[in-house]
$ cat data39.pdb   # PDB, C-alpha atoms and all ligand atoms
ATOM      1  CA  MET R 252       0.000   0.000   0.000  1.00  0.00           C
ATOM      2  CA  ASP R 253       1.345   3.401  -0.968  1.00  0.00           C
ATOM      3  CA  CYS R 254       2.446   5.496   2.007  1.00  0.00           C
ATOM      4  CA  GLY R 255       2.464   8.746   0.023  1.00  0.00           C
ATOM      5  CA  ASN R 256       6.138   9.398   0.684  1.00  0.00           C
ATOM      6  CA  VAL R 257       8.341  10.677  -2.115  1.00  0.00           C
ATOM      7  CA  SER R 258       9.889   7.799  -4.013  1.00  0.00           C
ATOM      8  CA  ASP R 259      11.007   6.968  -7.515  1.00  0.00           C
ATOM      9  CA  GLN R 260       9.874   3.402  -6.922  1.00  0.00           C
ATOM     10  CA  GLU R 261       6.519   1.870  -6.145  1.00  0.00           C
ATOM     11  CA  ARG R 262       7.398   1.629  -2.449  1.00  0.00           C
ATOM     12  CA  CYS R 263       9.645   4.127  -0.677  1.00  0.00           C
ATOM     13  CA  ASN R 264      12.944   3.244   1.062  1.00  0.00           C
ATOM     14  CA  ILE R 265      11.287   3.179   4.476  1.00  0.00           C
ATOM     15  CA  CYS R 266       8.448   0.859   3.424  1.00  0.00           C
ATOM     16  CA  ARG R 267      10.953  -1.470   1.750  1.00  0.00           C
ATOM     17  CA  ASP R 268      13.187  -1.650   4.834  1.00  0.00           C
ATOM     18  CA  PRO R 269      12.517  -4.993   6.592  1.00  0.00           C
ATOM     19  CA  ARG R 270      13.900  -3.630   9.893  1.00  0.00           C
ATOM     20  CA  ARG R 271      11.072  -1.111  10.273  1.00  0.00           C
ATOM     21  CA  ASN R 272       8.368  -1.884  12.826  1.00  0.00           C
ATOM     22  CA  ARG R 273       5.180  -2.444  10.872  1.00  0.00           C
ATOM     23  CA  SER R 274       2.921  -2.218  13.930  1.00  0.00           C
ATOM     24  CA  LEU R 275       3.637   1.517  14.308  1.00  0.00           C
ATOM     25  CA  LEU R 276       2.263   4.010  11.816  1.00  0.00           C
ATOM     26  CA  CYS R 277       3.048   7.711  11.980  1.00  0.00           C
ATOM     27  CA  VAL R 278       0.632  10.018  10.158  1.00  0.00           C
ATOM     28  CA  VAL R 279       2.137  13.247   8.836  1.00  0.00           C
ATOM     29  CA  GLU R 280       0.937  16.059   6.583  1.00  0.00           C
ATOM     30  CA  GLU R 281       3.789  16.213   4.092  1.00  0.00           C
ATOM     31  CA  ALA R 282       6.696  14.099   2.867  1.00  0.00           C
ATOM     32  CA  LYS R 283       9.112  16.675   4.295  1.00  0.00           C
ATOM     33  CA  ASP R 284       7.767  15.857   7.757  1.00  0.00           C
ATOM     34  CA  VAL R 285       9.002  12.290   7.199  1.00  0.00           C
ATOM     35  CA  VAL R 286      12.488  13.706   6.625  1.00  0.00           C
ATOM     36  CA  ALA R 287      12.277  15.762   9.832  1.00  0.00           C
ATOM     37  CA  ILE R 288      11.162  12.782  11.927  1.00  0.00           C
ATOM     38  CA  GLU R 289      13.763  10.488  10.387  1.00  0.00           C
ATOM     39  CA  ARG R 290      16.449  12.948  11.495  1.00  0.00           C
ATOM     40  CA  THR R 291      15.483  12.393  15.141  1.00  0.00           C
ATOM     41  CA  ARG R 292      16.102   8.601  14.835  1.00  0.00           C
ATOM     42  CA  GLU R 293      13.382   8.257  17.448  1.00  0.00           C
ATOM     43  CA  PHE R 294      10.837   6.466  15.293  1.00  0.00           C
ATOM     44  CA  ARG R 295      11.316   3.029  13.715  1.00  0.00           C
ATOM     45  CA  GLY R 296       7.854   2.432  12.299  1.00  0.00           C
ATOM     46  CA  LEU R 297       6.238   3.314   8.990  1.00  0.00           C
ATOM     47  CA  TYR R 298       4.658   6.543   7.773  1.00  0.00           C
ATOM     48  CA  HIS R 299       1.469   7.669   6.119  1.00  0.00           C
ATOM     49  CA  VAL R 300       1.559  11.004   4.309  1.00  0.00           C
ATOM     50  CA  LEU R 301      -1.839  12.748   4.170  1.00  0.00           C
ATOM     51  CA  GLY R 302      -0.861  15.297   1.541  1.00  0.00           C
ATOM     52  CA  GLY R 303      -1.956  18.299   3.605  1.00  0.00           C
ATOM     53  CA  ALA R 304      -4.227  19.246   6.480  1.00  0.00           C
ATOM     54  CA  ILE R 305      -7.907  20.027   6.897  1.00  0.00           C
ATOM     55  CA  SER R 306      -8.428  23.735   6.256  1.00  0.00           C
ATOM     56  CA  PRO R 307     -11.987  25.005   5.757  1.00  0.00           C
ATOM     57  CA  ILE R 308     -10.685  28.462   4.780  1.00  0.00           C
ATOM     58  CA  ASP R 309      -8.742  26.935   1.903  1.00  0.00           C
ATOM     59  CA  GLY R 310     -11.591  24.578   1.080  1.00  0.00           C
ATOM     60  CA  ILE R 311      -9.568  21.495   2.023  1.00  0.00           C
ATOM     61  CA  GLY R 312     -11.618  18.749   3.632  1.00  0.00           C
ATOM     62  CA  PRO R 313     -10.844  15.145   4.625  1.00  0.00           C
ATOM     63  CA  GLU R 314     -11.852  13.955   1.155  1.00  0.00           C
ATOM     64  CA  ASP R 315      -8.956  15.959  -0.297  1.00  0.00           C
ATOM     65  CA  LEU R 316      -6.448  14.140   1.907  1.00  0.00           C
ATOM     66  CA  ARG R 317      -5.262  10.543   1.810  1.00  0.00           C
ATOM     67  CA  VAL R 318      -7.647   9.486   4.578  1.00  0.00           C
ATOM     68  CA  ARG R 319      -9.268   6.639   2.674  1.00  0.00           C
ATOM     69  CA  GLU R 320      -5.833   5.182   1.981  1.00  0.00           C
ATOM     70  CA  LEU R 321      -5.042   5.413   5.692  1.00  0.00           C
ATOM     71  CA  LEU R 322      -8.139   3.421   6.629  1.00  0.00           C
ATOM     72  CA  GLN R 323      -7.250   0.832   3.996  1.00  0.00           C
ATOM     73  CA  ARG R 324      -3.809   0.415   5.524  1.00  0.00           C
ATOM     74  CA  LEU R 325      -5.332  -0.108   8.967  1.00  0.00           C
ATOM     75  CA  ALA R 326      -7.844  -2.670   7.735  1.00  0.00           C
ATOM     76  CA  ASP R 327      -5.647  -5.773   8.012  1.00  0.00           C
ATOM     77  CA  GLY R 328      -4.854  -5.231  11.703  1.00  0.00           C
ATOM     78  CA  THR R 329      -1.035  -5.134  11.357  1.00  0.00           C
ATOM     79  CA  VAL R 330      -0.876  -1.653  12.867  1.00  0.00           C
ATOM     80  CA  ASP R 331      -1.260  -1.495  16.684  1.00  0.00           C
ATOM     81  CA  GLU R 332      -0.605   2.191  17.177  1.00  0.00           C
ATOM     82  CA  VAL R 333      -1.184   5.233  15.001  1.00  0.00           C
ATOM     83  CA  ILE R 334       0.869   8.260  15.981  1.00  0.00           C
ATOM     84  CA  ILE R 335      -0.679  11.462  14.700  1.00  0.00           C
ATOM     85  CA  ALA R 336       2.141  13.900  13.976  1.00  0.00           C
ATOM     86  CA  THR R 337       0.380  16.768  12.237  1.00  0.00           C
ATOM     87  CA  ASP R 338       1.743  20.320  12.469  1.00  0.00           C
ATOM     88  CA  PRO R 339       1.278  22.179  15.785  1.00  0.00           C
ATOM     89  CA  ASN R 340      -1.113  24.742  14.290  1.00  0.00           C
ATOM     90  CA  LEU R 341      -4.874  25.147  13.776  1.00  0.00           C
ATOM     91  CA  GLU R 342      -5.093  23.008  10.645  1.00  0.00           C
ATOM     92  CA  GLY R 343      -2.905  20.307  12.173  1.00  0.00           C
ATOM     93  CA  GLU R 344      -5.069  20.251  15.307  1.00  0.00           C
ATOM     94  CA  ALA R 345      -8.265  20.030  13.279  1.00  0.00           C
ATOM     95  CA  THR R 346      -6.823  17.176  11.268  1.00  0.00           C
ATOM     96  CA  ALA R 347      -5.639  15.301  14.363  1.00  0.00           C
ATOM     97  CA  THR R 348      -9.044  15.656  16.022  1.00  0.00           C
ATOM     98  CA  TYR R 349     -10.811  14.472  12.892  1.00  0.00           C
ATOM     99  CA  LEU R 350      -8.543  11.430  12.529  1.00  0.00           C
ATOM    100  CA  SER R 351      -8.735  10.358  16.162  1.00  0.00           C
ATOM    101  CA  ARG R 352     -12.547  10.483  15.994  1.00  0.00           C
ATOM    102  CA  LEU R 353     -12.518   8.563  12.755  1.00  0.00           C
ATOM    103  CA  MET R 354     -10.384   5.790  14.266  1.00  0.00           C
ATOM    104  CA  ARG R 355     -12.539   5.522  17.369  1.00  0.00           C
ATOM    105  CA  THR R 356     -14.261   2.390  16.131  1.00  0.00           C
ATOM    106  CA  LEU R 357     -11.040   0.655  15.084  1.00  0.00           C
ATOM    107  CA  GLU R 358      -8.965  -1.757  17.156  1.00  0.00           C
ATOM    108  CA  VAL R 359      -5.988   0.541  17.162  1.00  0.00           C
ATOM    109  CA  ARG R 360      -4.312   2.772  19.728  1.00  0.00           C
ATOM    110  CA  VAL R 361      -4.062   6.400  18.715  1.00  0.00           C
ATOM    111  CA  SER R 362      -1.432   8.720  20.137  1.00  0.00           C
ATOM    112  CA  ARG R 363      -0.383  12.329  19.659  1.00  0.00           C
ATOM    113  CA  LEU R 364       3.015  13.919  19.992  1.00  0.00           C
ATOM    114  CA  ALA R 365       3.763  15.489  23.349  1.00  0.00           C
ATOM    115  CA  SER R 366       3.430  19.238  23.583  1.00  0.00           C
ATOM    116  CA  GLY R 367       6.589  21.298  23.467  1.00  0.00           C
ATOM    117  CA  LEU R 368       6.742  21.777  19.729  1.00  0.00           C
ATOM    118  CA  PRO R 369       6.670  25.447  18.736  1.00  0.00           C
ATOM    119  CA  VAL R 370       2.965  26.277  18.447  1.00  0.00           C
ATOM    120  CA  GLY R 371       1.791  27.673  15.131  1.00  0.00           C
ATOM    121  CA  GLY R 372       4.816  26.325  13.329  1.00  0.00           C
ATOM    122  CA  ASP R 373       5.560  23.513  10.966  1.00  0.00           C
ATOM    123  CA  LEU R 374       6.744  20.151  12.233  1.00  0.00           C
ATOM    124  CA  GLU R 375       9.610  20.216   9.757  1.00  0.00           C
ATOM    125  CA  TYR R 376      11.089  23.313  11.418  1.00  0.00           C
ATOM    126  CA  ALA R 377      11.263  21.774  14.876  1.00  0.00           C
ATOM    127  CA  ASP R 378      14.809  20.875  15.886  1.00  0.00           C
ATOM    128  CA  GLU R 379      15.734  17.219  16.218  1.00  0.00           C
ATOM    129  CA  VAL R 380      15.951  17.190  19.990  1.00  0.00           C
ATOM    130  CA  THR R 381      12.548  18.829  20.493  1.00  0.00           C
ATOM    131  CA  LEU R 382      10.897  16.613  17.927  1.00  0.00           C
ATOM    132  CA  GLY R 383      12.579  13.519  19.345  1.00  0.00           C
ATOM    133  CA  ARG R 384      11.280  14.372  22.814  1.00  0.00           C
ATOM    134  CA  ALA R 385       7.791  14.988  21.458  1.00  0.00           C
ATOM    135  CA  PHE R 386       7.889  11.475  20.015  1.00  0.00           C
ATOM    136  CA  GLU R 387       9.205   9.873  23.141  1.00  0.00           C
ATOM    137  CA  GLY R 388       6.627  11.647  25.284  1.00  0.00           C
ATOM    138  CA  ARG R 389       3.686  10.921  23.006  1.00  0.00           C
ATOM    139  CA  ARG R 390       0.399  10.316  24.747  1.00  0.00           C
ATOM    140  CA  LEU R 391      -2.515   8.078  23.959  1.00  0.00           C
ATOM    141  CA  VAL R 392      -5.698   9.771  22.818  1.00  0.00           C
ATOM    142  CA  GLU R 393      -8.763   8.782  24.810  1.00  0.00           C
ATOM    143  CA  HIS R 394     -11.256   7.704  22.245  1.00  0.00           C
TER     144      HIS R 394
HETATM  145 ZN    ZN R 401       6.676   4.265   2.039  1.00  0.00          ZN
END
$ encode --input "data39.pdb" --output "structure tokens"
Amino acid sequence: MDCGNVSDQERCNICRDPRRNRSLLCVVEEAKDVVAIERTREFRGLYHVLGGAISPIDGIGPEDLRVRELLQRLADGTVDEVIIATDPNLEGEATATYLSRLMRTLEVRVSRLASGLPVGGDLEYADEVTLGRAFEGRRLVEH
């Protein structure tokens, strides 16, 4: 299943890597967020790139993002935990809330990054240490 990451092949380097933990799935807005998280070396699972965030002002709704693909990837039960790592801004928050509600009925744990990321910014601009800590300190979403 396509993760949405940038790749010149059908599956990206991370998806092809047999050492990655397939029970962990990190949901990000953009492929550049994958690069930022990889730099922290804190996460050894797989990614799902949404292709943006929910933004009513810009007319972007869930149907414009790769949400259907996400649900398809969760369908076979391989993934135990979904880590929502959207940007720490309004659109990112709206997207995270939408996704955690959507996954409420699924047999999967949902977690969010710990606070401490610069609010209003982009995930990709967070430094490695801060982002690494946010991963380590991630918290489960009650849902
Ligand atoms: Zn991939």
$ closest_atom_pairs --input "data39.pdb" --of "chain R" --to "ligand ZN 401 (chain R)" --cutoff "8 Å" --atoms "all atoms listed in the file" --output "Markdown table"
| residue | atom | partner | partner_atom | distance |
| --- | --- | --- | --- | --- |
| R:Asp253 | CA | R:ZN401 | ZN | 6.2 |
| R:Cys254 | CA | R:ZN401 | ZN | 4.4 |
| R:Gly255 | CA | R:ZN401 | ZN | 6.5 |
| R:Asn256 | CA | R:ZN401 | ZN | 5.3 |
| R:Val257 | CA | R:ZN401 | ZN | 7.8 |
| R:Ser258 | CA | R:ZN401 | ZN | 7.7 |
| R:Arg262 | CA | R:ZN401 | ZN | 5.3 |
| R:Cys263 | CA | R:ZN401 | ZN | 4.0 |
| R:Asn264 | CA | R:ZN401 | ZN | 6.4 |
| R:Ile265 | CA | R:ZN401 | ZN | 5.3 |
| R:Cys266 | CA | R:ZN401 | ZN | 4.1 |
| R:Arg267 | CA | R:ZN401 | ZN | 7.2 |
| R:Leu297 | CA | R:ZN401 | ZN | 7.0 |
| R:Tyr298 | CA | R:ZN401 | ZN | 6.5 |
| R:His299 | CA | R:ZN401 | ZN | 7.4 |
$ write_last_selection --input "data39.pdb" --atoms "C-alpha atoms" --output "tab-separated table (two decimals), in the frame of the given file"
chain	number	residue	atom	x	y	z
R	253	ASP	CA	1.34	3.40	-0.97
R	254	CYS	CA	2.45	5.50	2.01
R	255	GLY	CA	2.46	8.75	0.02
R	256	ASN	CA	6.14	9.40	0.68
R	257	VAL	CA	8.34	10.68	-2.12
R	258	SER	CA	9.89	7.80	-4.01
R	262	ARG	CA	7.40	1.63	-2.45
R	263	CYS	CA	9.64	4.13	-0.68
R	264	ASN	CA	12.94	3.24	1.06
R	265	ILE	CA	11.29	3.18	4.48
R	266	CYS	CA	8.45	0.86	3.42
R	267	ARG	CA	10.95	-1.47	1.75
R	297	LEU	CA	6.24	3.31	8.99
R	298	TYR	CA	4.66	6.54	7.77
R	299	HIS	CA	1.47	7.67	6.12
$ atom_distance --input "data39.pdb" --atom1 "CA of Gly343 (chain R)" --atom2 "CA of Ile305 (chain R)"
7.3 Å
$ resolve_selection --input "data39.pdb" --expression "the PyMOL selection byres (((chain R and resi 376-391) around 12) and not hetatm)" --output "PyMOL selection string"
chain R and resi 277+283-296+332-339+351+359-375+392-394
$ atom_distance --input "data39.pdb" --atom1 "CA of Arg355 (chain R)" --atom2 "CA of Leu321 (chain R)"
13.9 Å
$ resolve_selection --input "data39.pdb" --expression "the PyMOL selection byres (((chain R and resi 273) around 7) and not hetatm)" --output "ChimeraX atom specification"
/R:271-272,274-275,296-297,329-330
$ build_atoms --input "data39.pdb" --residues "region 362-378 of chain R" --atoms "N, CA and C atoms" --output "compact mmCIF listing (two decimals), keeping the file's coordinate frame"
# COMPACT_ATOMS: atom_id res chain seq x y z
N SER R 362 -2.18 7.82 19.27
CA SER R 362 -1.43 8.72 20.14
C SER R 362 -1.08 10.01 19.39
N ARG R 363 -0.78 11.02 20.19
CA ARG R 363 -0.38 12.33 19.66
C ARG R 363 0.99 12.66 20.20
N LEU R 364 1.72 13.48 19.50
CA LEU R 364 3.02 13.92 19.99
C LEU R 364 2.82 14.75 21.25
N ALA R 365 3.81 14.68 22.14
CA ALA R 365 3.76 15.49 23.35
C ALA R 365 3.84 16.96 22.97
N SER R 366 3.32 17.81 23.85
CA SER R 366 3.43 19.24 23.58
C SER R 366 4.89 19.65 23.77
N GLY R 367 5.20 20.84 23.38
CA GLY R 367 6.59 21.30 23.47
C GLY R 367 7.11 21.71 22.11
N LEU R 368 6.38 21.31 21.06
CA LEU R 368 6.74 21.78 19.73
C LEU R 368 6.31 23.23 19.62
N PRO R 369 7.05 24.04 18.89
CA PRO R 369 6.67 25.45 18.74
C PRO R 369 5.27 25.58 18.12
N VAL R 370 4.35 26.18 18.88
CA VAL R 370 2.96 26.28 18.45
C VAL R 370 2.85 27.23 17.26
N GLY R 371 2.02 26.84 16.30
CA GLY R 371 1.79 27.67 15.13
C GLY R 371 2.80 27.41 14.02
N GLY R 372 3.77 26.57 14.32
CA GLY R 372 4.82 26.32 13.33
C GLY R 372 4.58 25.07 12.52
N ASP R 373 5.58 24.73 11.75
CA ASP R 373 5.56 23.51 10.97
C ASP R 373 6.44 22.49 11.66
N LEU R 374 5.99 21.24 11.63
CA LEU R 374 6.74 20.15 12.23
C LEU R 374 8.17 20.10 11.70
N GLU R 375 8.30 20.34 10.41
CA GLU R 375 9.61 20.22 9.76
C GLU R 375 10.64 21.21 10.28
N TYR R 376 10.16 22.31 10.92
CA TYR R 376 11.09 23.31 11.42
C TYR R 376 11.51 23.06 12.86
N ALA R 377 10.87 22.08 13.50
CA ALA R 377 11.26 21.77 14.88
C ALA R 377 12.66 21.14 14.86
N ASP R 378 13.47 21.48 15.86
CA ASP R 378 14.81 20.88 15.89
C ASP R 378 14.70 19.41 16.30
